[in-house]
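The structure appears right after this line, and notes come after that.
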Amino acid sequence: MIDDTLLEAEEKMEKAVAVAKEEFAVIRTGRAHPAMFSKITAEYYGTQTPVNQLASFHIPEPRMVIIQPFDKSSLAAIEKSVRNSDLGVNPANDGTIIRVVFPELSEERRREYIKELEDLTHTYVAQVDELLKHKEAELLEV
């Protein structure tokens with residue numbers, strides 16, 4: 001019984017770490033990477049479809065991403081979705097590919113992001129600590 005509970009807890013913790021890794025991959029750094037587009041969807045034949053399923057991504061330079069749609073008819077929808085996303089970029093469409101150039105992060109923006117991430121992390125770590133404290137109290141009850 002206890003072994004099953006521990007195994008289940010371990011599996012859930014591994015999933016939580018995996019989700020955290022995915023979320024951290026989306027956070028903008030000084031370098032461009034395809035994971036930044038993982039939460040962006042574009043309308044494709046009437047359905048919201050993740051952009052990473054509609055196109056391939058190439059990183060020719062540290063701050064540039066080239067998005068090449070598998071279907072040229074989705075080019076405009078992908079461009080619009082990237083432009084309207086929270087990435088804060090202005091994609092350039094040349095008719096066959098979309099170029100996305102990320103501005104450099106200033107030291108001020110980096111400190112701002114670091115502070116926000118630290119605050120967010122502390123909030124959720126405190127919540128988990130509180131849950132753990134209650135569970136420990138339950139386990140120690142006779």
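A note on labels: chains of the structure tokens are A, B, ... as shown, every chain counts residues from 1, and ligands are counted from 1 in their shown order.
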Report task. Using DSSP on the backbone coordinates, identify all residues within region 3-139 of chain A classified as helix (DSSP H, G or I); present the result as a VMD selection string. Result -> chain A and resid 3 to 26 34 to 37 51 to 53 72 to 84 107 to 139
Query - Contact residues around Phe37 (chain A) with only C-alpha atoms at 10 Å, ignoring same-chain residues under 5 positions, as a PyMOL selection string - result: chain A and resi 25-26+32+50-52+57+81-82+85+87
Requested in this report: Name all residues at most 12 Å from Lys72 (chain A) (count only C-alpha atoms; drop same-chain ones fewer than 2 positions away) and give them as number ranges by chain.
Outcome: A: 44, 54-55, 67-70, 74-79, 93-98
Could the residues in this selection be saved with N, CA and C atoms as a CSV table (one decimal), in the first residue's frame?
chain,number,residue,atom,x,y,z
A,44,TYR,N,-6.1,26.5,-39.1
A,44,TYR,CA,-5.8,25.7,-40.3
A,44,TYR,C,-7.0,24.9,-40.7
A,54,LEU,N,2.4,22.7,-38.1
A,54,LEU,CA,2.2,23.3,-39.4
A,54,LEU,C,3.4,23.6,-40.2
A,55,ALA,N,4.6,23.7,-39.5
A,55,ALA,CA,5.8,24.2,-40.1
A,55,ALA,C,7.0,23.6,-39.4
A,67,ILE,N,10.6,30.1,-40.2
A,67,ILE,CA,9.5,29.2,-40.1
A,67,ILE,C,9.1,28.9,-41.5
A,68,GLN,N,9.1,27.6,-41.9
A,68,GLN,CA,8.8,27.2,-43.2
A,68,GLN,C,7.6,26.3,-43.1
A,69,PRO,N,6.4,26.8,-43.5
A,69,PRO,CA,5.2,26.0,-43.5
A,69,PRO,C,5.2,24.8,-44.4
A,70,PHE,N,4.6,23.7,-44.0
A,70,PHE,CA,4.5,22.5,-44.8
A,70,PHE,C,3.5,22.8,-45.9
A,74,SER,N,-1.0,28.0,-45.4
A,74,SER,CA,-1.1,28.3,-44.0
A,74,SER,C,-0.1,29.5,-43.6
A,75,LEU,N,0.6,30.0,-44.5
A,75,LEU,CA,1.6,31.0,-44.3
A,75,LEU,C,1.1,32.2,-43.6
A,76,ALA,N,0.0,32.8,-44.1
A,76,ALA,CA,-0.6,34.0,-43.5
A,76,ALA,C,-1.1,33.8,-42.1
A,77,ALA,N,-1.8,32.6,-41.9
A,77,ALA,CA,-2.3,32.3,-40.6
A,77,ALA,C,-1.2,32.2,-39.5
A,78,ILE,N,-0.1,31.5,-39.9
A,78,ILE,CA,1.0,31.4,-39.0
A,78,ILE,C,1.6,32.7,-38.7
A,79,GLU,N,1.8,33.5,-39.7
A,79,GLU,CA,2.4,34.9,-39.5
A,79,GLU,C,1.5,35.7,-38.5
A,93,ASN,N,7.1,38.1,-43.7
A,93,ASN,CA,6.6,37.0,-44.6
A,93,ASN,C,7.1,37.4,-46.0
A,94,ASP,N,7.9,36.5,-46.6
A,94,ASP,CA,8.4,36.8,-48.0
A,94,ASP,C,7.6,36.0,-49.0
A,95,GLY,N,6.5,35.3,-48.6
A,95,GLY,CA,5.7,34.6,-49.6
A,95,GLY,C,6.0,33.1,-49.5
A,96,THR,N,7.2,32.7,-49.0
A,96,THR,CA,7.5,31.2,-48.9
A,96,THR,C,7.9,30.9,-47.4
A,97,ILE,N,8.5,31.8,-46.7
A,97,ILE,CA,8.9,31.5,-45.4
A,97,ILE,C,8.6,32.7,-44.5
A,98,ILE,N,8.7,32.5,-43.2
A,98,ILE,CA,8.5,33.6,-42.3
A,98,ILE,C,9.7,33.8,-41.5
Query raised in the report: Which of these, A:Val125, A:Glu136, A:Glu130, A:Gly88, has the shortest distance to Ala16 (chain A) once you count only C-alpha atoms?
Result: A:Val125
Report task. Would you please extract all strand (DSSP E or B) residues from region 3-128 of chain A, as assigned by DSSP on the backbone, and give them as a PyMOL selection string? Result -> chain A and resi 41-44+47-50+55-61+64-69+92-93+98-101
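Going from CA of Glu61 (chain A) to CA of Val19 (chain A) covers 27.6 Å.
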Query - Pairwise distance for CA of Asn90 (chain A) and CA of Met36 (chain A), rounded to one decimal in Å - result: 14.5 Å
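Between Thr41 (chain A) and the residues A:Val89, A:Lys80, A:Asp119, A:Ala20, the shortest atom-to-atom distance, using only C-alpha atoms, involves A:Lys80.
As for CA of Arg111 (chain A) and CA of Pro60 (chain A), they are spaced 27.1 Å apart.
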